[in-house]
file input-v8.tsv (TSV, C-alpha atoms)
chain	number	residue	atom	x	y	z
G	3	MET	CA	-34.19	-30.70	223.86
G	4	VAL	CA	-30.45	-30.22	223.86
G	5	HIS	CA	-28.63	-29.40	227.08
G	6	LEU	CA	-25.70	-27.08	226.60
G	7	THR	CA	-23.88	-25.45	229.48
G	8	ASP	CA	-23.51	-21.66	229.34
G	9	ALA	CA	-19.89	-22.15	228.34
G	10	GLU	CA	-20.94	-24.41	225.47
G	11	LYS	CA	-23.58	-21.94	224.30
G	12	GLY	CA	-20.93	-19.24	224.35
G	13	LEU	CA	-18.55	-21.42	222.33
G	14	VAL	CA	-21.19	-22.33	219.75
G	15	ASN	CA	-22.51	-18.79	219.25
G	16	GLY	CA	-19.05	-17.26	219.28
G	17	LEU	CA	-17.71	-19.61	216.63
G	18	TRP	CA	-20.90	-19.46	214.53
G	19	GLY	CA	-20.44	-15.71	214.32
G	20	LYS	CA	-17.05	-16.24	212.67
G	21	ILE	CA	-18.22	-18.28	209.70
G	22	ASN	CA	-19.93	-17.29	206.46
G	23	VAL	CA	-23.13	-19.27	206.94
G	24	ASP	CA	-24.17	-19.09	203.27
G	25	GLU	CA	-20.82	-20.42	202.04
G	26	VAL	CA	-20.48	-23.08	204.71
G	27	GLY	CA	-23.99	-24.23	203.82
G	28	GLY	CA	-23.11	-24.77	200.19
G	29	GLU	CA	-19.86	-26.48	201.07
G	30	THR	CA	-21.47	-28.75	203.65
G	31	LEU	CA	-24.23	-29.92	201.31
G	32	GLY	CA	-21.71	-30.35	198.48
G	33	ARG	CA	-19.43	-32.48	200.63
G	34	LEU	CA	-22.37	-34.59	201.78
G	35	LEU	CA	-23.22	-35.38	198.15
G	36	VAL	CA	-19.57	-36.14	197.29
G	37	VAL	CA	-18.65	-38.20	200.35
G	38	TYR	CA	-21.96	-40.11	200.59
G	39	PRO	CA	-23.11	-40.34	196.97
G	40	TRP	CA	-26.34	-42.16	197.81
G	41	THR	CA	-27.62	-38.88	199.27
G	42	GLN	CA	-27.81	-37.57	195.70
G	43	ARG	CA	-31.08	-39.47	195.39
G	44	PHE	CA	-32.96	-36.45	196.72
G	45	PHE	CA	-31.52	-34.04	194.20
G	46	ASP	CA	-32.34	-35.40	190.74
G	47	SER	CA	-33.49	-31.97	189.62
G	48	PHE	CA	-30.23	-30.29	190.57
G	49	GLY	CA	-28.49	-30.82	187.23
G	50	ASN	CA	-24.86	-31.82	186.96
G	51	LEU	CA	-23.73	-33.96	189.91
G	52	SER	CA	-21.40	-36.11	187.84
G	53	SER	CA	-18.14	-35.30	189.62
G	54	ALA	CA	-16.90	-33.78	192.86
G	55	ALA	CA	-15.97	-30.57	191.04
G	56	ALA	CA	-19.38	-30.40	189.35
G	57	ILE	CA	-21.14	-30.92	192.69
G	58	MET	CA	-19.10	-28.34	194.60
G	59	ASP	CA	-19.61	-25.75	191.82
G	60	ASN	CA	-23.28	-26.52	191.23
G	61	PRO	CA	-25.33	-23.35	191.88
G	62	LYS	CA	-28.42	-25.30	192.98
G	63	VAL	CA	-26.34	-27.20	195.54
G	64	LYS	CA	-24.94	-23.92	196.85
G	65	ALA	CA	-28.38	-22.32	197.01
G	66	HIS	CA	-29.94	-25.26	198.78
G	67	GLY	CA	-27.01	-25.56	201.17
G	68	LYS	CA	-27.44	-21.89	202.02
G	69	LYS	CA	-31.14	-22.47	202.74
G	70	VAL	CA	-30.42	-25.49	204.93
G	71	LEU	CA	-27.77	-23.79	206.99
G	72	ASN	CA	-29.77	-20.62	207.50
G	73	SER	CA	-32.50	-22.83	208.88
G	74	PHE	CA	-29.91	-24.43	211.16
G	75	SER	CA	-28.90	-20.92	212.24
G	76	ASP	CA	-32.49	-20.33	213.36
G	77	GLY	CA	-32.22	-23.46	215.44
G	78	LEU	CA	-29.23	-22.01	217.24
G	79	LYS	CA	-31.46	-19.19	218.48
G	80	HIS	CA	-33.93	-21.72	219.93
G	81	LEU	CA	-31.80	-24.40	221.52
G	82	ASP	CA	-34.38	-24.79	224.27
G	83	ASP	CA	-37.10	-25.73	221.82
G	84	LEU	CA	-35.59	-27.42	218.79
G	85	LYS	CA	-38.56	-29.78	218.41
G	86	GLY	CA	-40.97	-26.85	218.21
G	87	THR	CA	-38.70	-24.86	215.92
G	88	PHE	CA	-38.30	-27.71	213.43
G	89	ALA	CA	-41.77	-29.27	213.72
G	90	GLN	CA	-43.00	-28.08	210.34
G	91	LEU	CA	-39.74	-28.94	208.59
G	92	SER	CA	-39.90	-32.37	210.20
G	93	GLU	CA	-43.34	-33.01	208.72
G	94	LEU	CA	-42.18	-31.75	205.35
G	95	HIS	CA	-39.11	-34.01	205.29
G	96	CYS	CA	-41.23	-37.03	206.22
G	97	ASP	CA	-44.46	-36.53	204.30
G	98	LYS	CA	-43.32	-34.70	201.16
G	99	LEU	CA	-39.59	-35.28	200.79
G	100	HIS	CA	-39.33	-38.83	202.23
G	101	VAL	CA	-35.86	-38.27	203.64
G	102	ASP	CA	-34.39	-40.98	205.89
G	103	PRO	CA	-33.48	-39.21	209.16
G	104	GLU	CA	-30.08	-40.90	209.02
G	105	ASN	CA	-29.28	-38.25	206.41
G	106	PHE	CA	-29.70	-35.50	209.03
G	107	ARG	CA	-27.05	-37.19	211.18
G	108	LEU	CA	-24.73	-37.52	208.18
G	109	LEU	CA	-25.19	-33.85	207.29
G	110	GLY	CA	-24.58	-32.83	210.91
G	111	ASN	CA	-21.29	-34.71	210.96
G	112	VAL	CA	-20.20	-33.24	207.63
G	113	LEU	CA	-20.98	-29.79	209.08
G	114	VAL	CA	-18.73	-30.56	212.06
G	115	VAL	CA	-15.89	-31.57	209.70
G	116	VAL	CA	-16.37	-28.37	207.66
G	117	LEU	CA	-16.32	-26.28	210.85
G	118	GLY	CA	-13.05	-27.97	211.81
G	119	HIS	CA	-11.73	-27.19	208.33
G	120	HIS	CA	-12.62	-23.50	208.60
G	121	LEU	CA	-12.01	-22.79	212.26
G	122	ARG	CA	-8.85	-24.90	212.68
G	123	ALA	CA	-7.11	-24.02	215.95
G	124	GLU	CA	-10.30	-22.61	217.44
G	125	PHE	CA	-12.21	-25.84	216.85
G	126	THR	CA	-11.03	-27.40	220.10
G	127	PRO	CA	-12.34	-30.74	221.32
G	128	GLN	CA	-14.67	-28.79	223.64
G	129	ALA	CA	-16.00	-26.77	220.72
G	130	GLN	CA	-16.51	-29.96	218.70
G	131	ALA	CA	-18.33	-31.57	221.63
G	132	ALA	CA	-20.69	-28.59	221.91
G	133	PHE	CA	-21.44	-28.62	218.19
G	134	GLN	CA	-21.99	-32.39	218.17
G	135	LYS	CA	-24.69	-31.85	220.81
G	136	VAL	CA	-26.31	-29.20	218.63
G	137	VAL	CA	-26.25	-31.23	215.40
G	138	ALA	CA	-27.59	-34.28	217.24
G	139	GLY	CA	-30.37	-32.13	218.71
G	140	VAL	CA	-31.29	-30.69	215.32
G	141	ALA	CA	-31.24	-34.14	213.70
G	142	ASN	CA	-33.52	-35.51	216.42
G	143	ALA	CA	-35.86	-32.52	216.11
G	144	LEU	CA	-36.11	-33.03	212.36
G	145	ALA	CA	-36.90	-36.70	212.89
G	146	HIS	CA	-39.39	-36.03	215.67
G	147	LYS	CA	-42.57	-35.78	213.56
G	148	TYR	CA	-41.84	-38.86	211.48
G	149	HIS	CA	-44.47	-41.54	211.44
N	23	MET	CA	-16.53	-51.31	196.71
N	24	ALA	CA	-12.75	-51.43	197.13
N	25	LEU	CA	-10.72	-48.26	196.84
N	26	SER	CA	-9.93	-47.36	193.24
N	27	ALA	CA	-6.34	-46.70	192.11
N	28	ARG	CA	-7.06	-42.96	192.18
N	29	GLU	CA	-8.51	-43.13	195.70
N	30	ARG	CA	-5.48	-45.09	196.91
N	31	GLU	CA	-3.14	-42.51	195.40
N	32	VAL	CA	-5.03	-39.63	197.08
N	33	VAL	CA	-4.85	-41.35	200.46
N	34	SER	CA	-1.22	-42.46	200.04
N	35	ALA	CA	-0.20	-38.91	199.08
N	36	LEU	CA	-1.72	-37.56	202.30
N	37	TRP	CA	-0.05	-40.29	204.35
N	38	ARG	CA	3.33	-39.45	202.74
N	39	LYS	CA	2.78	-35.79	203.57
N	40	MET	CA	2.01	-36.64	207.20
N	41	GLY	CA	5.25	-38.63	207.34
N	42	ASP	CA	6.21	-39.35	210.94
N	43	ASN	CA	3.31	-37.28	212.26
N	44	VAL	CA	0.52	-39.79	211.73
N	45	GLY	CA	0.72	-40.60	215.45
N	46	VAL	CA	0.24	-36.92	216.34
N	47	TYR	CA	-3.06	-36.84	214.46
N	48	THR	CA	-4.38	-40.20	215.62
N	49	THR	CA	-3.59	-39.07	219.18
N	50	GLU	CA	-5.56	-35.86	218.69
N	51	ALA	CA	-8.38	-37.88	217.13
N	52	LEU	CA	-8.42	-40.15	220.19
N	53	GLU	CA	-8.49	-37.19	222.56
N	54	ARG	CA	-11.40	-35.74	220.62
N	55	THR	CA	-13.20	-39.07	220.67
N	56	PHE	CA	-12.96	-39.26	224.46
N	57	VAL	CA	-14.17	-35.66	224.90
N	58	VAL	CA	-16.91	-35.69	222.27
N	59	PHE	CA	-18.16	-39.25	222.78
N	60	PRO	CA	-17.50	-39.89	226.48
N	61	ALA	CA	-18.97	-43.41	226.42
N	62	THR	CA	-15.89	-44.49	224.46
N	63	LYS	CA	-13.85	-44.02	227.64
N	64	THR	CA	-15.52	-47.09	229.11
N	65	TYR	CA	-13.10	-49.23	227.13
N	66	PHE	CA	-10.07	-47.66	228.78
N	67	PRO	CA	-10.59	-47.74	232.54
N	68	HIS	CA	-6.97	-48.78	232.97
N	69	LEU	CA	-5.55	-45.73	231.21
N	70	ASN	CA	-5.07	-42.09	232.10
N	71	LEU	CA	-7.32	-40.37	229.55
N	72	SER	CA	-6.69	-36.75	230.46
N	73	PRO	CA	-5.65	-34.69	227.41
N	74	GLY	CA	-1.92	-34.86	226.78
N	75	SER	CA	-1.44	-38.08	228.74
N	76	THR	CA	1.33	-40.45	227.67
N	77	ASP	CA	-1.24	-43.27	227.72
N	78	ILE	CA	-3.27	-41.61	224.96
N	79	LYS	CA	-0.10	-40.87	222.96
N	80	ALA	CA	0.96	-44.50	223.24
N	81	HIS	CA	-2.43	-45.70	222.07
N	82	GLY	CA	-2.44	-43.09	219.31
N	83	LYS	CA	0.85	-44.51	218.05
N	84	LYS	CA	-0.60	-48.05	217.96
N	85	VAL	CA	-3.59	-46.81	215.96
N	86	ALA	CA	-1.29	-44.87	213.60
N	87	ASP	CA	0.83	-47.96	212.96
N	88	ALA	CA	-2.28	-50.06	212.31
N	89	LEU	CA	-3.67	-47.51	209.83
N	90	THR	CA	-0.32	-47.26	208.02
N	91	HIS	CA	-0.20	-51.07	207.89
N	92	ALA	CA	-3.75	-51.11	206.51
N	93	ILE	CA	-2.85	-48.63	203.75
N	94	GLY	CA	-0.07	-50.96	202.69
N	95	HIS	CA	-2.49	-53.89	202.41
N	96	LEU	CA	-5.60	-52.45	200.84
N	97	ASP	CA	-6.05	-55.54	198.67
N	98	ASP	CA	-6.44	-57.80	201.64
N	99	LEU	CA	-7.61	-55.82	204.63
N	100	PRO	CA	-9.51	-58.59	206.48
N	101	ASN	CA	-6.35	-60.72	206.58
N	102	ALA	CA	-4.03	-57.83	207.33
N	103	LEU	CA	-6.22	-56.78	210.27
N	104	SER	CA	-7.21	-60.28	211.34
N	105	GLU	CA	-5.27	-60.24	214.60
N	106	LEU	CA	-6.51	-56.77	215.48
N	107	SER	CA	-10.05	-57.86	214.72
N	108	ASN	CA	-9.75	-60.82	217.07
N	109	LEU	CA	-8.23	-58.59	219.74
N	110	HIS	CA	-10.99	-55.98	219.52
N	111	LEU	CA	-13.69	-58.63	219.59
N	112	HIS	CA	-12.54	-61.36	221.90
N	113	LYS	CA	-10.33	-59.53	224.32
N	114	LEU	CA	-11.66	-55.98	224.29
N	115	GLY	CA	-15.30	-56.45	223.27
N	116	VAL	CA	-15.46	-53.08	221.51
N	117	ASP	CA	-18.85	-52.29	219.98
N	118	PRO	CA	-18.38	-51.48	216.27
N	119	VAL	CA	-20.14	-48.10	216.56
N	120	ASN	CA	-17.12	-46.76	218.43
N	121	PHE	CA	-14.80	-47.09	215.44
N	122	GLN	CA	-17.09	-44.73	213.55
N	123	PHE	CA	-16.80	-42.15	216.35
N	124	PHE	CA	-13.01	-42.34	216.07
N	125	ASN	CA	-13.12	-42.19	212.25
N	126	HIS	CA	-15.23	-39.02	212.41
N	127	CYS	CA	-12.83	-37.38	214.88
N	128	LEU	CA	-9.88	-38.32	212.67
N	129	LEU	CA	-11.57	-36.57	209.73
N	130	VAL	CA	-12.10	-33.44	211.84
N	131	THR	CA	-8.44	-33.58	212.92
N	132	LEU	CA	-7.13	-33.93	209.37
N	133	ALA	CA	-9.43	-31.11	208.17
N	134	ARG	CA	-7.97	-28.84	210.82
N	135	HIS	CA	-4.33	-29.61	210.10
N	136	TYR	CA	-4.36	-29.98	206.31
N	137	PRO	CA	-6.94	-27.42	205.19
N	138	GLY	CA	-5.42	-26.95	201.74
N	139	ASP	CA	-5.37	-30.69	201.08
N	140	PHE	CA	-8.72	-31.50	202.62
N	141	THR	CA	-10.88	-31.09	199.53
N	142	ALA	CA	-14.23	-32.84	199.16
N	143	VAL	CA	-12.43	-35.55	197.15
N	144	MET	CA	-9.86	-36.03	199.93
N	145	GLN	CA	-12.62	-36.23	202.52
N	146	ALA	CA	-14.45	-38.83	200.43
N	147	CYS	CA	-11.30	-40.95	199.97
N	148	VAL	CA	-10.26	-40.88	203.62
N	149	ASP	CA	-13.83	-41.53	204.78
N	150	LYS	CA	-14.02	-44.52	202.43
N	151	LEU	CA	-10.61	-45.81	203.57
N	152	LEU	CA	-11.64	-45.60	207.23
N	153	ALA	CA	-14.95	-47.32	206.46
N	154	HIS	CA	-13.08	-50.19	204.80
N	155	VAL	CA	-10.61	-50.46	207.67
N	156	THR	CA	-13.49	-50.52	210.17
N	157	SER	CA	-15.29	-53.15	208.14
N	158	ALA	CA	-12.16	-55.33	208.15
N	159	LEU	CA	-11.66	-54.69	211.86
N	160	VAL	CA	-15.12	-56.04	212.66
N	161	SER	CA	-14.94	-58.82	210.09
N	162	LYS	CA	-14.24	-61.47	212.74
N	163	TYR	CA	-17.00	-60.27	215.05
N	164	ARG	CA	-19.60	-62.85	214.05

call {"tool": "encode", "arguments": {"input": "input-v8.tsv", "output": "structure tokens"}}
result
Amino acid sequence: MVHLTDAEKGLVNGLWGKINVDEVGGETLGRLLVVYPWTQRFFDSFGNLSSAAAIMDNPKVKAHGKKVLNSFSDGLKHLDDLKGTFAQLSELHCDKLHVDPENFRLLGNVLVVVLGHHLRAEFTPQAQAAFQKVVAGVANALAHKYH
Amino acid sequence: MALSAREREVVSALWRKMGDNVGVYTTEALERTFVVFPATKTYFPHLNLSPGSTDIKAHGKKVADALTHAIGHLDDLPNALSELSNLHLHKLGVDPVNFQFFNHCLLVTLARHYPGDFTAVMQACVDKLLAHVTSALVSKYR
């Protein structure tokens, strides 16, 4: 469970409302694959990942990023029960997809960098701190059902 | 793997663009580190860590100078950062995980201030540079 103060919840929801979730999703996943190339191991079927430009333009990357971040958006509506909200996805990522939970932490941090990139002056240290709590909570929730 | 010629050029170009302002961004990165990862403050009980303090600016300048020095010695980082490594280990006892917290906050800071330049390639190059610097900084640890 993640503990955000009311002020932090306000910050997170307010700023989330200002971004294009679909686009930020594609960009975040793309940057993960560029900056940490070993994460490409999960996306063999995605086609051309041969260069940064290819990755950032890849339609499958954009589509999957959109899916991931819309799921994250759902999490924001259930900050009091992230483990419950992500229970099924946690099982999926462990049993079917075999994703090392460290990747959830990496993705969370890339998301924070992308938010800084988009929100600029509004992404104050306090805003970053609130979002770091959220991404850590989501990463933990996704790792929770691992065995 | 060491930074390629292209990666060095990307990073050097950003550093040239920042000019005398590297200290401004390392200071912001430090402030963010203390707010976002409060446990990092345990290494600075002797300093005033409130945002805007001259203590943080002074430390930000030291970090900026060290990073600039590192960029000028990418072929031999462990030697170039040898004294700093000893300092952080023997005198300060800083756990290596904390450098990663700072690196992350520096990336966020640069993304905010150089949005046009902060492409995925730039992010990858700076992230790799900071990882190499960190690795050199902890090279004397054990």

call {"tool": "closest_residue", "arguments": {"input": "input-v8.tsv", "among": "G:Thr30, G:Ser52, G:Asn72, G:Gln90", "to": "chain N", "atoms": "all atoms listed in the file"}}
result
G:Thr30

call {"tool": "residues_around", "arguments": {"input": "input-v8.tsv", "residues": "Lys68 (chain G)", "least_positions_apart": "2", "cutoff": "8 Å", "atoms": "all atoms listed in the file", "output": "list in words"}}
result
Val23, Asp24, Glu25, Val26, Gly27, Gly28, Lys64, Ala65, His66, Val70, Leu71 and Asn72 of chain G

call {"tool": "residues_around", "arguments": {"input": "input-v8.tsv", "residues": "region 133-146 of chain G", "least_positions_apart": "5", "cutoff": "9 Å", "atoms": "only C-alpha atoms", "output": "ChimeraX atom specification"}}
result
/G:3-6,10,13-14,74,77-78,81,83-93,95-96,102-107,109-111,113-114,128 /N:58

call {"tool": "interface_residues", "arguments": {"input": "input-v8.tsv", "of": "chain N", "to": "chain G", "cutoff": "9 Å", "atoms": "all atoms listed in the file", "output": "list in words"}}
result
Glu50, Glu53, Arg54, Thr55, Val57, Val58, Phe59, His126, Cys127, Leu129, Val130, Thr131, Leu132, Ala133, Arg134, His135, Tyr136, Pro137, Phe140, Thr141, Ala142, Val143, Gln145, Ala146, Cys147, Asp149 and Lys150 of chain N

call {"tool": "atom_distance", "arguments": {"input": "input-v8.tsv", "atom1": "CA of Leu109 (chain N)", "atom2": "CA of Ser161 (chain N)"}}
result
11.8 Å

call {"tool": "atom_distance", "arguments": {"input": "input-v8.tsv", "atom1": "CA of Asp8 (chain G)", "atom2": "CA of Asp76 (chain G)"}}
result
18.4 Å

call {"tool": "residues_around", "arguments": {"input": "input-v8.tsv", "residues": "Ala86 (chain N)", "least_positions_apart": "6", "cutoff": "9 Å", "atoms": "all atoms listed in the file", "output": "number ranges by chain"}}
result
N: 43-49

call {"tool": "write_last_selection", "arguments": {"input": "input-v8.tsv", "atoms": "C-alpha atoms", "output": "compact mmCIF listing (two decimals), in the coordinates of the input"}}
result
# COMPACT_ATOMS: atom_id res chain seq x y z
CA ASN N 43 3.31 -37.28 212.26
CA VAL N 44 0.52 -39.79 211.73
CA GLY N 45 0.72 -40.60 215.45
CA VAL N 46 0.24 -36.92 216.34
CA TYR N 47 -3.06 -36.84 214.46
CA THR N 48 -4.38 -40.20 215.62
CA THR N 49 -3.59 -39.07 219.18

call {"tool": "atom_distance", "arguments": {"input": "input-v8.tsv", "atom1": "CA of Lys83 (chain N)", "atom2": "CA of Lys39 (chain N)"}}
result
17.0 Å

call {"tool": "residues_around", "arguments": {"input": "input-v8.tsv", "residues": "Tyr65 (chain N)", "least_positions_apart": "6", "cutoff": "10 Å", "atoms": "all atoms listed in the file", "output": "ChimeraX atom specification"}}
result
/N:114-117,120

call {"tool": "write_last_selection", "arguments": {"input": "input-v8.tsv", "atoms": "C-alpha atoms", "output": "short mmCIF file (atom, residue, chain, number, x, y, z; two decimals), keeping the file's coordinate frame"}}
result
data_model
loop_
_atom_site.label_atom_id
_atom_site.label_comp_id
_atom_site.auth_asym_id
_atom_site.auth_seq_id
_atom_site.Cartn_x
_atom_site.Cartn_y
_atom_site.Cartn_z
CA LEU N 114 -11.66 -55.98 224.29
CA GLY N 115 -15.30 -56.45 223.27
CA VAL N 116 -15.46 -53.08 221.51
CA ASP N 117 -18.85 -52.29 219.98
CA ASN N 120 -17.12 -46.76 218.43
#

call {"tool": "closest_residue", "arguments": {"input": "input-v8.tsv", "among": "N:Val32, N:Leu69, N:Leu25, N:Ile78", "to": "Val155 (chain N)", "atoms": "only C-alpha atoms"}}
result
N:Leu25

call {"tool": "closest_residue", "arguments": {"input": "input-v8.tsv", "among": "G:Lys20, G:Phe44, G:Ala9, G:Gly49", "to": "Lys98 (chain G)", "atoms": "only C-alpha atoms"}}
result
G:Phe44

call {"tool": "residues_around", "arguments": {"input": "input-v8.tsv", "residues": "Val119 (chain N)", "least_positions_apart": "2", "cutoff": "12 Å", "atoms": "only C-alpha atoms", "output": "ChimeraX atom specification"}}
result
/N:59,61-62,115-117,121-126,153,156-157,159-160
